[in-house]
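Q: Let me give you the structure first, and then I'll get to my questions.
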Amino acid sequence: MAAVNRVFAAQLSGLPVFGPDGESIGRVRDLVAGLRLDAQPPRILGLVVELSTRRRVFVPMLRVTSIEPSAVTLATGSVNMRQFNQRPNEVLVLGQLLDAHATLAGSDTRITVVDAGMEPTRTRDWVLAKLAIRERRLGLGRRRSAMQVLPWSEVAGLGLTDLARQPQGAGQLLMLFDTMRPADIAATVRDLPLKRRHEVADAMDDERLADVIEELPDDDQKELLAYLAEERAADVLEAMNPDDAADLLAELAPADQSRLLELMEPEESAPVRRLLEYSSDTAGGLMTPEPVVLTPDTTIAEALAHIRNAELPPALASMVFVCRPPTATPTGRYVGVVHFQRLLREPPAELVASAVDTGLPPLKPGASLAEVTRYFAAYNLTCGPVVDTEDHLIGAVTVDDVLDHLLPEDWRETGLHDTLEEDRA
């Protein structure tokens with residue numbers, strides 16, 4: 001692409017678009033930007049080009065070879081003729097961003113977006129790095145405020161949740177959430193107004209809502225659980241990982257805790273009740289009661305099939321625990337562990353008993369957080385067994401459980417993206 005430092009969106013409106021041989025393709029009608037969760041400028045995904053037939057199509061920015069004051073040139077004369085349809089995580093720069101109301105970051109100064117400037121990056125992407133804005137003045141005075149050009153990060157109110165809000169309800173956001181990880185959904189939900197947050201919770205199924213609640217800060221977890229009807233709150237707790245459900249219930253008043261446990265199915269509440277017996281900063285309070293537990297006569301092939309389960313967290317998939325029946329925690333006598341790398345090296349028809357590591361000492365449920373941390377560091381583990389005094393496996397601690405308790409209490413409020421930006425600075 002020809003070297004251009006900055007192009008303002010309004011300059012592109014109506015520009016003719018040509019192919020590499022000068023053939024006319026159409027005219028630029030808008031720019032499509034991808035909304036982000038963090039404070040970084042949105043990336044320009046492509047152009048909306050209106051053909052001579054009035055059909056509007058999408059042209060990716062990678063197809064654009066040059067942008068000049070009088071025309072845009074593409075690398076190819078052929079374009080996808082499919083009608084352009086805006087996706088939930090996209091914003092039309094000319095159609096939605098210009099004239100949008102926002103505020104200056106860190107203040108209550110209200111502004112209007114007049115134009116948006118896109119700039120190229122070293123990776124050949126284009127981002128909306130600058131915004132031309134005017135201050136919104138109240139009153140009947142005719143004098144307009146001076147226009148300023150500011151970095152994207154200095155303007156607030158143009159984020160994902162601000163521009164994705166739709167008056168018809170939470171459907172648009174739910175479509176967007178289908179492409180996102182639970183931690184990113186949780187960050188978005190936290191930024192929503194309370195009414196919209198509740199609409200989203202009502203529209204989600206129990207399993208998805210459980211995943212999101214697990215990633216929310218404690219206060220937001222309690223607020224959302226209190227909003228739900230008690231029967232549904234119990235269903236969501238059943239869908240959560242038992243250790244996360246126990247952590248959340250431990251924050252509630254004893255009467256509320258007991259009532260919700262009674263509403264849960266007995267087989268779902270039993271492991272949660274056991275976890276609540278331990279302090280949250282011990283191995284017993286940190287552990288999950290649902291690791292992969294196999295009997296000694298299980299084959300290597302069967303063990304590999306268990307850890308291939310897509311719903312199994314990576315840390316829990318790093319080892320299987322070998323115990324005498326029963327295999328539900330608390331199990332029969334604990335035998336040892338088999339690391340997944342050892343499973344990969346053994347013949348599929350062999351039994352896991354032949355690959356058991358009996359030299360790894362298990363954790364005791366009363367082990368402190370400091371002891372658990374040293375244990376993981378000493379043995380280079382991502383997962384470790386927790387065994388009671390009668391040699392029964394009662395659960396497993398994973399490295400993410402440990403990190404969750406080592407990080408500052410407000411780490412979920414701070415957010416992953418904010419932390420990464422501070423590190424870059």
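Numbering starts fresh at 1 for the residues of each chain in the structure tokens, the chains themselves are lettered A, B, ... in the order given, and ligands are numbered from 1 as they appear.
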Please give the complete set of residues from stretch 103-289 of chain A that DSSP, run on the backbone, assigns to strand (DSSP E), formatted as a list in words.
A: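 The residues of stretch 103-289 of chain A classed as strand (DSSP E) are Thr103, Leu104, Arg110, Ile111, Thr112, Val113, Val114, Asp115, Ala116, Gly117, Met118, Glu119, Pro120, Trp126, Val127, Leu128, Ala129, Lys130, Leu131, Ala132, Ile133, Arg134, Glu135, Gln148, Val149, Leu150, Pro151, Val155 and Ala156 of chain A.
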Q: Create the file for the chosen residues now, containing N, CA and C atoms and written as a short mmCIF file (atom, residue, chain, number, x, y, z; two decimals), in the first residue's frame.
A:
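result39.cif, freshly written:
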```cif
data_model
loop_
_atom_site.label_atom_id
_atom_site.label_comp_id
_atom_site.auth_asym_id
_atom_site.auth_seq_id
_atom_site.Cartn_x
_atom_site.Cartn_y
_atom_site.Cartn_z
N THR A 103 -17.47 11.08 26.14
CA THR A 103 -16.87 11.98 27.12
C THR A 103 -15.36 11.88 27.02
N LEU A 104 -14.67 12.90 27.52
CA LEU A 104 -13.22 12.83 27.62
C LEU A 104 -12.87 11.87 28.76
N ARG A 110 -18.48 16.42 28.04
CA ARG A 110 -19.22 15.74 26.97
C ARG A 110 -18.75 16.24 25.61
N ILE A 111 -18.58 15.30 24.70
CA ILE A 111 -18.06 15.65 23.38
C ILE A 111 -18.87 14.96 22.30
N THR A 112 -18.67 15.41 21.07
CA THR A 112 -19.24 14.78 19.88
C THR A 112 -18.11 14.41 18.94
N VAL A 113 -18.14 13.20 18.42
CA VAL A 113 -17.12 12.76 17.47
C VAL A 113 -17.44 13.36 16.10
N VAL A 114 -16.49 14.11 15.55
CA VAL A 114 -16.67 14.77 14.26
C VAL A 114 -16.09 13.94 13.13
N ASP A 115 -14.95 13.29 13.38
CA ASP A 115 -14.30 12.48 12.36
C ASP A 115 -13.38 11.49 13.05
N ALA A 116 -12.93 10.49 12.32
CA ALA A 116 -12.03 9.47 12.86
C ALA A 116 -10.89 9.25 11.90
N GLY A 117 -9.68 9.29 12.43
CA GLY A 117 -8.50 9.12 11.58
C GLY A 117 -7.90 7.73 11.74
N MET A 118 -7.70 7.06 10.61
CA MET A 118 -7.08 5.73 10.67
C MET A 118 -5.62 5.83 10.25
N GLU A 119 -4.79 5.03 10.92
CA GLU A 119 -3.35 5.04 10.68
C GLU A 119 -2.86 3.62 10.48
N PRO A 120 -1.84 3.43 9.63
CA PRO A 120 -1.29 2.08 9.42
C PRO A 120 -0.37 1.67 10.55
N TRP A 126 -4.71 -1.40 9.75
CA TRP A 126 -5.08 -0.01 9.95
C TRP A 126 -5.94 0.07 11.20
N VAL A 127 -5.68 1.09 12.03
CA VAL A 127 -6.45 1.24 13.26
C VAL A 127 -6.99 2.66 13.36
N LEU A 128 -8.10 2.81 14.10
CA LEU A 128 -8.67 4.15 14.34
C LEU A 128 -7.90 4.79 15.50
N ALA A 129 -6.75 5.36 15.18
CA ALA A 129 -5.85 5.88 16.20
C ALA A 129 -6.26 7.25 16.72
N LYS A 130 -6.94 8.06 15.90
CA LYS A 130 -7.25 9.44 16.28
C LYS A 130 -8.74 9.72 16.11
N LEU A 131 -9.23 10.64 16.91
CA LEU A 131 -10.61 11.08 16.80
C LEU A 131 -10.64 12.61 16.78
N ALA A 132 -11.36 13.15 15.81
CA ALA A 132 -11.60 14.60 15.79
C ALA A 132 -12.89 14.84 16.55
N ILE A 133 -12.83 15.70 17.57
CA ILE A 133 -13.98 15.89 18.46
C ILE A 133 -14.26 17.37 18.69
N ARG A 134 -15.49 17.66 19.09
CA ARG A 134 -15.87 18.99 19.56
C ARG A 134 -16.54 18.83 20.91
N GLU A 135 -16.31 19.79 21.79
CA GLU A 135 -16.96 19.78 23.08
C GLU A 135 -18.42 20.15 22.90
N GLN A 148 -10.79 19.43 18.13
CA GLN A 148 -9.52 18.88 18.59
C GLN A 148 -9.34 17.49 18.01
N VAL A 149 -8.09 17.09 17.82
CA VAL A 149 -7.77 15.74 17.39
C VAL A 149 -7.05 15.05 18.54
N LEU A 150 -7.67 13.98 19.06
CA LEU A 150 -7.15 13.30 20.25
C LEU A 150 -6.89 11.83 19.95
N PRO A 151 -5.96 11.21 20.68
CA PRO A 151 -5.80 9.76 20.58
C PRO A 151 -7.07 9.04 21.01
N VAL A 155 -10.63 9.27 24.77
CA VAL A 155 -12.08 9.43 24.66
C VAL A 155 -12.76 8.21 25.27
N ALA A 156 -13.73 8.45 26.13
CA ALA A 156 -14.46 7.36 26.79
C ALA A 156 -15.90 7.31 26.25
#
```
Q: Extract the full set of helix (DSSP H, G or I) residues from stretch 158-398 of chain A according to DSSP on the backbone, and format it as a ChimeraX atom specification.
A: /A:160-163,171-177,182-191,194-203,206-214,218-227,230-239,242-250,254-263,266-275,283-286,300-307,316-318,340-345,352-355,369-379
Q: Export C-alpha atoms of the chosen residues as a compact mmCIF listing (two decimals), in the first residue's frame?
A:
```txt
# COMPACT_ATOMS: atom_id res chain seq x y z
CA LEU A 160 -17.79 -2.41 22.91
CA THR A 161 -20.66 -2.11 25.36
CA ASP A 162 -21.41 1.51 24.41
CA LEU A 163 -21.67 0.99 20.66
CA GLY A 171 -29.89 -10.45 21.52
CA GLN A 172 -27.12 -8.54 19.76
CA LEU A 173 -24.75 -8.93 22.69
CA LEU A 174 -25.49 -12.66 22.98
CA MET A 175 -24.57 -13.12 19.32
CA LEU A 176 -21.28 -11.37 20.04
CA PHE A 177 -20.67 -13.48 23.14
CA PRO A 182 -15.96 -16.48 29.38
CA ALA A 183 -13.34 -14.16 30.93
CA ASP A 184 -13.87 -11.61 28.14
CA ILE A 185 -17.65 -11.93 28.40
CA ALA A 186 -17.37 -11.28 32.15
CA ALA A 187 -15.32 -8.13 31.51
CA THR A 188 -18.01 -6.91 29.11
CA VAL A 189 -20.88 -7.78 31.46
CA ARG A 190 -19.23 -5.79 34.25
CA ASP A 191 -19.34 -2.66 32.06
CA LEU A 194 -27.41 -3.08 35.75
CA LYS A 195 -30.65 -3.44 33.78
CA ARG A 196 -28.86 -4.68 30.66
CA ARG A 197 -26.68 -7.01 32.76
CA HIS A 198 -29.82 -8.63 34.13
CA GLU A 199 -31.33 -8.90 30.63
CA VAL A 200 -28.21 -10.72 29.46
CA ALA A 201 -28.34 -13.07 32.47
CA ASP A 202 -31.99 -13.86 31.76
CA ALA A 203 -31.22 -14.66 28.12
CA ASP A 206 -27.44 -21.94 32.75
CA GLU A 207 -24.13 -23.42 31.57
CA ARG A 208 -22.97 -20.25 29.81
CA LEU A 209 -24.06 -18.05 32.69
CA ALA A 210 -22.19 -20.33 35.10
CA ASP A 211 -18.99 -19.95 33.04
CA VAL A 212 -19.35 -16.16 33.12
CA ILE A 213 -20.13 -15.94 36.85
CA GLU A 214 -16.98 -17.93 37.59
CA ASP A 218 -16.87 -11.62 44.17
CA ASP A 219 -19.25 -8.66 44.56
CA ASP A 220 -20.54 -9.02 41.00
CA GLN A 221 -21.01 -12.75 41.50
CA LYS A 222 -23.12 -12.18 44.60
CA GLU A 223 -25.17 -9.41 42.96
CA LEU A 224 -25.99 -11.54 39.93
CA LEU A 225 -26.80 -14.62 42.01
CA ALA A 226 -29.08 -12.52 44.25
CA TYR A 227 -30.92 -11.23 41.17
CA GLU A 230 -33.65 -19.10 43.85
CA GLU A 231 -34.49 -22.14 41.73
CA ARG A 232 -32.45 -20.82 38.82
CA ALA A 233 -29.63 -19.71 41.12
CA ALA A 234 -29.40 -23.31 42.34
CA ASP A 235 -29.35 -24.59 38.74
CA VAL A 236 -26.51 -22.19 37.87
CA LEU A 237 -24.55 -23.27 40.95
CA GLU A 238 -24.95 -26.88 39.80
CA ALA A 239 -23.48 -25.93 36.41
CA PRO A 242 -17.78 -27.30 42.49
CA ASP A 243 -14.80 -25.33 43.84
CA ASP A 244 -16.08 -22.09 42.27
CA ALA A 245 -19.59 -22.77 43.55
CA ALA A 246 -18.20 -23.38 47.04
CA ASP A 247 -16.19 -20.13 46.94
CA LEU A 248 -19.32 -18.20 45.96
CA LEU A 249 -21.56 -19.85 48.57
CA ALA A 250 -18.94 -19.18 51.24
CA PRO A 254 -25.45 -18.87 56.28
CA ALA A 255 -29.22 -18.88 55.74
CA ASP A 256 -28.89 -18.11 52.02
CA GLN A 257 -26.12 -20.68 51.68
CA SER A 258 -28.20 -23.43 53.30
CA ARG A 259 -31.29 -22.61 51.26
CA LEU A 260 -29.44 -22.79 47.94
CA LEU A 261 -27.67 -26.01 48.89
CA GLU A 262 -31.04 -27.58 49.71
CA LEU A 263 -32.40 -26.56 46.31
CA PRO A 266 -28.02 -33.98 46.18
CA GLU A 267 -25.35 -35.41 43.88
CA GLU A 268 -24.39 -31.85 42.83
CA SER A 269 -24.45 -30.32 46.31
CA ALA A 270 -22.49 -33.14 48.02
CA PRO A 271 -19.02 -32.19 46.65
CA VAL A 272 -19.75 -28.51 47.28
CA ARG A 273 -20.65 -29.24 50.92
CA ARG A 274 -17.37 -31.15 51.35
CA LEU A 275 -15.37 -28.22 49.97
CA ALA A 283 -5.41 -27.32 49.60
CA GLY A 284 -8.84 -28.63 50.59
CA GLY A 285 -10.44 -25.27 49.87
CA LEU A 286 -8.52 -24.78 46.61
CA ILE A 300 -3.42 -46.23 28.22
CA ALA A 301 -5.77 -45.74 25.25
CA GLU A 302 -8.75 -45.25 27.59
CA ALA A 303 -6.76 -42.80 29.72
CA LEU A 304 -5.87 -40.73 26.64
CA ALA A 305 -9.52 -40.70 25.63
CA HIS A 306 -10.45 -39.23 29.02
CA ILE A 307 -7.98 -36.34 28.81
CA LEU A 316 -6.69 -31.08 34.91
CA ALA A 317 -5.81 -32.85 31.65
CA SER A 318 -2.10 -32.79 32.53
CA PHE A 340 0.00 -37.11 30.24
CA GLN A 341 3.46 -37.10 28.61
CA ARG A 342 4.03 -40.60 29.98
CA LEU A 343 0.68 -41.66 28.51
CA LEU A 344 1.86 -40.46 25.09
CA ARG A 345 5.00 -42.59 25.30
CA VAL A 352 -2.01 -47.39 33.45
CA ALA A 353 -0.75 -49.42 36.43
CA SER A 354 2.52 -49.92 34.52
CA ALA A 355 3.03 -46.15 34.14
CA LEU A 369 -1.48 -21.76 50.30
CA ALA A 370 2.24 -21.15 50.83
CA GLU A 371 2.86 -24.91 51.10
CA VAL A 372 0.84 -25.59 47.96
CA THR A 373 2.75 -22.90 46.05
CA ARG A 374 6.13 -24.36 47.07
CA TYR A 375 4.85 -27.84 46.16
CA PHE A 376 3.96 -26.76 42.60
CA ALA A 377 7.29 -24.95 42.17
CA ALA A 378 9.36 -27.83 43.56
CA TYR A 379 7.77 -30.50 41.36
```
Q: Between A:Pro365, A:Gly26, A:Gly95, A:Pro325, which is the closest to A:Ser280 once you count only C-alpha atoms?
A: A:Pro365
Q: Taking into account only C-alpha atoms, which residue in the set A:Asp99, A:His405, A:Asn241, A:Leu360 is nearest to A:Asn380?
A: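 Result for the nearest residue to A:Asn380: A:Leu360.
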Q: Expressed in Å to a single decimal, how great is the separation between atom CA of A:Pro362 and atom CA of A:Val397?
A: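 Between atom CA of A:Pro362 and atom CA of A:Val397 the gap works out to 10.4 Å.
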Q: Quick one, how far is atom CA of A:Leu216 from atom CA of A:Leu276?
A: 19.9 Å
Q: Find the residues around stretch 50-55 of chain A up to 12 Å (only C-alpha atoms counted), leave out those fewer than 2 positions away in its own chain, and share them as a PyMOL selection string.
A: chain A and resi 13-18+24-31+47-48+57-59+78-85
Q: Nearest residue to A:Arg6 out of A:Thr327, A:Gln40, A:Asn89, A:Thr121, using only C-alpha atoms?
A: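 So, comparing all the options, the nearest one is A:Thr121.
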